[in-house]
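Undergrad: Would you mind keeping the following structure in view while I ask a few things?
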Number of protein chains: 2
Amino acid sequence: VTENTLGSVGETAALERIFPRLPHAASALVGPGDDSAVLAAPDGRFVVTTDLMVHGPDFRLAWSTATDLGWKAAASNLSDVAAMGAVPSGLVVALAAPAATSVTFLEEFADGLREACSEFAPGCGVVGGDLSVSDTLTIAVTAFGDLEGRAPVLRSGARPGDTVAIAGRAGEALTALRLLFEKATDEHGNATDAGGIRDRVMPQLRPSPPIAAGRIAALAGATAMLDVSDGLAKDAGRIARASGVALDLDPALLGDDPASALAGGEDHALLATFPGDVPEPFRAIGRVTTGDGLLVAGKPHDASGWDPYADWSGRAG
Amino acid sequence: VTENTLGSVGETAALERIFPRLPHAASALVGPGDDSAVLAAPDGRFVVTTDLMVHGPDFRLAWSTATDLGWKAAASNLSDVAAMGAVPSGLVVALAAPAATSVTFLEEFADGLREACSEFAPGCGVVGGDLSVSDTLTIAVTAFGDLEGRAPVLRSGARPGDTVAIAGRAGEALTALRLLFEKATDEHGNATDAGGIRDRVMPQLRPSPPIAAGRIAALAGATAMLDVSDGLAKDAGRIARASGVALDLDPALLGDDPASALAGGEDHALLATFPGDVPEPFRAIGRVTTGDGLLVAGKPHDASGWDPYADWSGRAG
């Protein structure tokens with residue numbers, strides 16, 4: 001039996017097999033299949049964010065299943081919508097894949113998109129997309145959200161006296177990535193079977209961002225918020241810079257491994273500042289003070305982090 | 001003098017150089033720099049479309065300048081917004097490039113985005129994006145538009161008796177592509193200097209879609225419309241199928257080279273059907289009749305066209 005590939009069945013037939021598996025968006029007035037989709041924007045504005053995932057720097061097919069990739073592509077973009085205090089309403093998904101990619105792979109990718117929307121943002125779905133051919137598997141997702149009449153929560157509103165709080169994990173995705181590099185590569189640096197450690201690497205392969213916490217933060221009066229995708233240190237530094245304040249984190253509140261919590265990227269936690277009580281599921285990890293930049297226990301801390309151009313090499317993957 | 005590359009300056013510094021060159025969107029309530037942008041959607045809905053451009057199947061760097069690529073990425077997406085009868089309001093642009101790509105290249109890409117928005121959709125601009133690293137230069141654009149209170153013009157509304165009409169070019173992009181393959185490749189199939197024929201290949205490298213005609217068609221009561229990106233034959237067949245009718249094109253109205261007009265992709269003309277008078281700049285090229293599929297001079301015509309998976313090979317580029 002020869003498996004059907006994108007190259008053998010063509011774009012139109014591949015799309016016909018994918019469409020039924022995509023999550024439906026309740027806000028879609030015109031869904032996939034025309035030149036453009038039409039989405040409802042009930043409050044006269046919409047939130048939009050876009051993100052690329054590229055084979056090599058962003059994922060490895062030896063570690064991630066197609067369903068993992070669909071899940072992560074949706075989850076990471078939904079998190080950027082949530083970080084504005086918005087409720088996700090829709091996605092468009094563009095995928096470029098080698099012609100030898102199986103249609104089954106695409107179907108399973110669609111399953112991951114659907115499962116993540118169902119888990120994190122019921123009612124959010126895929127309203128459009130594009131398929132293309134490329135030597136490098138590449139996923140481009142653009143996500144939309146509704147602010148429900150509220151002001152967006154920007155990075156620039158933190159004020160001295162606010163409590164710094166986090167919802168979700170910090171450092172677990174980095175710990176999982178280290179485990180993958182340690183246990184799931186051979187001597188040539190190529191990935192091999194990661195099955196034996198799969199449960200422990202899920203924070204990296206299938207992140208579980210606290211999407212609903214974005215709306216909760218906005219309703220509780222969060223003054224600033226962002227998605228922690230490049231490490232808590234770097235992203236806390238971003239709030240500090242945008243707001244013209246300092247963020248002073250308490251390492252005793254950063255879990256068992258504060259260094260990994262500060263350094264680790266791709267957790268997709270939500271970091272926010274609150275002038276009053278910190279709402280569940282957020283937990284306090286520090287204070288906003290006058291000054292500038294990131295402090296840890298009152299002392300300046302390096303706020304650099306992951307840079308895709310400076311840190312990635314094709315050999316290391 | 002060593003030129004700065006994405007790898008040497010890093011993502012943050014590269015973005016700082018690009019941002020000032022990007023076109024500003026009048027509808028941006030929150031622009032680039034936060035987790036998401038916020039756009040105005042005055043009529044409570046928005047139009048959205050997404051498209052990938054991949055080095056190899058979609059463009060060659062030996063033929064296209066960075067400014068050409070930015071122009072074409074914007075123009076082709078704006079055309080899909082116009083094809084709904086909408087007015088373009090904003091773009092998000094994600095780009096994955098080799099680490100050795102010069103920052104100057106990215107700046108010139110931004111120039112192309114700005115020039116195309118200025119030419120085709122003043123007030124439309126870039127509201128967000130993403131930069132990533134990839135061995136394969138890949139551009140993902142998502143475009144938004146405003147329907148100004150009108151119903152979207154779908155592919156499915158053509159009715160027998162309507163006039164079929166086109167705005168923009170048909171076949172010129174294909175003619176230009178043939179010229180590139182004939183004159184701008186060496187014996188190994190690699191591209192070489194295309195300078196001597198640049199004026200004649202502009203319909204392929206810098207398409208000029210009739211963006212403003214989308215709104216004109218909607219105001220004139222167009223019953224169906226689409227962007228002609230895969231060839232007039234294939235795209236006319238799409239309106240016929242979606243509408244449950246036949247489109248009968250008159251070859252005498254298809255210019256000097258009807259075969260190229262029918263076959264040629266990437267023109268980004270607008271094809272529409274009108275129950276009454278055909279508004280400028282549209283020109284009549286046929287009639288809607290009962291039946292199904294594409295007819296030319298009353299006879300069934302092959303409505304297949306370009307398929308990126310079936311038709312592309314890495315060697316041929």
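By convention in this document, the chains of the structure tokens carry letters A, B, ... by their order, each chain's residues are numbered from 1, and ligands are numbered from 1 in the order they are shown.
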Counting only C-alpha atoms, a student should be able to say which residues of chain A come within 6 Å of chain B; what is the right answer, written as a ChimeraX atom specification?
TA: /A:7,10,35-42,44-51,80,99,129-130,309-310
Undergrad: Write the residues of the selection above to a file with N, CA, C and O atoms, as a CSV table (one decimal), in the first residue's frame.
TA:
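Output (out_11.csv):
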```
chain,number,residue,atom,x,y,z
A,7,GLY,N,2.0,15.5,-2.6
A,7,GLY,CA,2.4,15.5,-4.0
A,7,GLY,C,1.5,14.6,-4.9
A,7,GLY,O,1.2,15.0,-6.0
A,10,GLY,N,-2.5,16.1,-4.4
A,10,GLY,CA,-2.7,17.5,-4.8
A,10,GLY,C,-3.4,18.3,-3.7
A,10,GLY,O,-3.9,17.8,-2.8
A,35,ASP,N,-12.3,33.4,-0.9
A,35,ASP,CA,-11.0,34.1,-1.0
A,35,ASP,C,-10.6,34.5,0.5
A,35,ASP,O,-9.4,34.6,0.8
A,36,SER,N,-11.6,34.9,1.3
A,36,SER,CA,-11.3,35.3,2.7
A,36,SER,C,-12.4,34.7,3.5
A,36,SER,O,-13.5,34.4,3.0
A,37,ALA,N,-12.2,34.6,4.8
A,37,ALA,CA,-13.2,34.4,5.8
A,37,ALA,C,-13.8,35.7,6.3
A,37,ALA,O,-13.2,36.7,6.1
A,38,VAL,N,-14.9,35.6,6.9
A,38,VAL,CA,-15.5,36.7,7.6
A,38,VAL,C,-15.8,36.3,9.1
A,38,VAL,O,-16.5,35.3,9.3
A,39,LEU,N,-15.2,37.1,10.0
A,39,LEU,CA,-15.5,36.8,11.4
A,39,LEU,C,-16.2,37.9,12.1
A,39,LEU,O,-16.0,39.1,11.8
A,40,ALA,N,-17.0,37.5,13.1
A,40,ALA,CA,-17.7,38.5,13.9
A,40,ALA,C,-16.7,39.2,14.8
A,40,ALA,O,-15.8,38.5,15.3
A,41,ALA,N,-16.8,40.5,15.0
A,41,ALA,CA,-16.0,41.2,16.0
A,41,ALA,C,-17.0,42.1,16.8
A,41,ALA,O,-17.2,43.3,16.5
A,42,PRO,N,-17.7,41.4,17.8
A,42,PRO,CA,-18.9,42.0,18.4
A,42,PRO,C,-18.6,43.4,19.0
A,42,PRO,O,-19.5,44.2,19.0
A,44,GLY,N,-16.5,45.7,18.0
A,44,GLY,CA,-16.0,46.7,17.0
A,44,GLY,C,-14.5,46.7,17.0
A,44,GLY,O,-13.9,47.6,16.3
A,45,ARG,N,-13.8,45.8,17.6
A,45,ARG,CA,-12.4,45.7,17.5
A,45,ARG,C,-12.0,44.2,17.5
A,45,ARG,O,-12.9,43.3,17.9
A,46,PHE,N,-10.8,43.8,17.1
A,46,PHE,CA,-10.4,42.5,17.3
A,46,PHE,C,-8.9,42.5,17.6
A,46,PHE,O,-8.2,43.4,17.2
A,47,VAL,N,-8.5,41.4,18.3
A,47,VAL,CA,-7.1,41.2,18.7
A,47,VAL,C,-6.5,40.2,17.7
A,47,VAL,O,-7.2,39.3,17.3
A,48,VAL,N,-5.3,40.5,17.3
A,48,VAL,CA,-4.6,39.6,16.3
A,48,VAL,C,-3.1,39.4,16.6
A,48,VAL,O,-2.4,40.3,17.0
A,49,THR,N,-2.7,38.2,16.5
A,49,THR,CA,-1.3,37.8,16.7
A,49,THR,C,-0.9,36.8,15.7
A,49,THR,O,-1.7,36.0,15.3
A,50,THR,N,0.4,36.7,15.4
A,50,THR,CA,0.9,35.7,14.4
A,50,THR,C,2.2,35.1,14.9
A,50,THR,O,3.0,35.8,15.6
A,51,ASP,N,2.4,33.8,14.5
A,51,ASP,CA,3.6,33.1,15.0
A,51,ASP,C,4.0,32.0,14.0
A,51,ASP,O,3.1,31.4,13.5
A,80,ASP,N,-1.0,34.2,23.2
A,80,ASP,CA,-0.8,35.6,22.9
A,80,ASP,C,-2.1,36.4,22.8
A,80,ASP,O,-2.1,37.6,23.1
A,99,ALA,N,6.6,17.8,-0.5
A,99,ALA,CA,5.5,17.1,-1.3
A,99,ALA,C,5.4,15.7,-0.8
A,99,ALA,O,4.3,15.1,-1.0
A,129,GLY,N,-7.0,29.3,5.7
A,129,GLY,CA,-5.6,28.8,5.7
A,129,GLY,C,-5.0,28.8,4.4
A,129,GLY,O,-5.6,29.3,3.4
A,130,ASP,N,-3.9,28.1,4.3
A,130,ASP,CA,-3.2,28.0,3.0
A,130,ASP,C,-2.3,26.8,3.1
A,130,ASP,O,-1.8,26.4,4.2
A,309,TYR,N,17.8,33.9,16.1
A,309,TYR,CA,18.9,34.0,15.2
A,309,TYR,C,20.3,33.8,15.9
A,309,TYR,O,21.2,33.2,15.3
A,310,ALA,N,20.4,34.3,17.0
A,310,ALA,CA,21.7,34.2,17.7
A,310,ALA,C,22.0,32.8,18.3
A,310,ALA,O,23.1,32.4,18.3
```
Undergrad: Give me, as number ranges by chain, all polymer residues having an atom no more than 10 Å from Leu253 (chain A), counting only C-alpha atoms and skipping those fewer than 3 positions away in the same chain.
TA: A: 165, 249-250, 256, 258, 283-286
Undergrad: Going by DSSP on the backbone, which residues of region 49-257 of chain B come out as alpha helix (DSSP H)? List them as a PyMOL selection string.
TA: chain B and resi 66-82+103-120+172-183+198-205+212-219+232-243
Undergrad: Could you find all residues in region 47-230 of chain A that DSSP calls strand (DSSP E) from the backbone, and write them as number ranges by chain?
TA: A: 47-54, 87-97, 125-133, 138-146, 163-167, 224-228
Undergrad: Give me the residues near Gly161 (chain A) as a VMD selection string, where near means some atom within 8 Å (using only C-alpha atoms) and where sequence neighbours in that chain fewer than 3 positions away do not count.
TA: chain A and resid 275 287 to 289
Undergrad: Residues as selected, C-alpha atoms, written as a CSV table (one decimal), in the first residue's frame, can you do that?
TA:
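Below is the file again35.csv, written as the result:
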```csv
chain,number,residue,atom,x,y,z
A,275,PRO,CA,-2.8,46.7,41.9
A,287,ARG,CA,6.5,43.3,43.4
A,288,VAL,CA,6.7,46.2,41.0
A,289,THR,CA,9.0,48.9,42.3
```
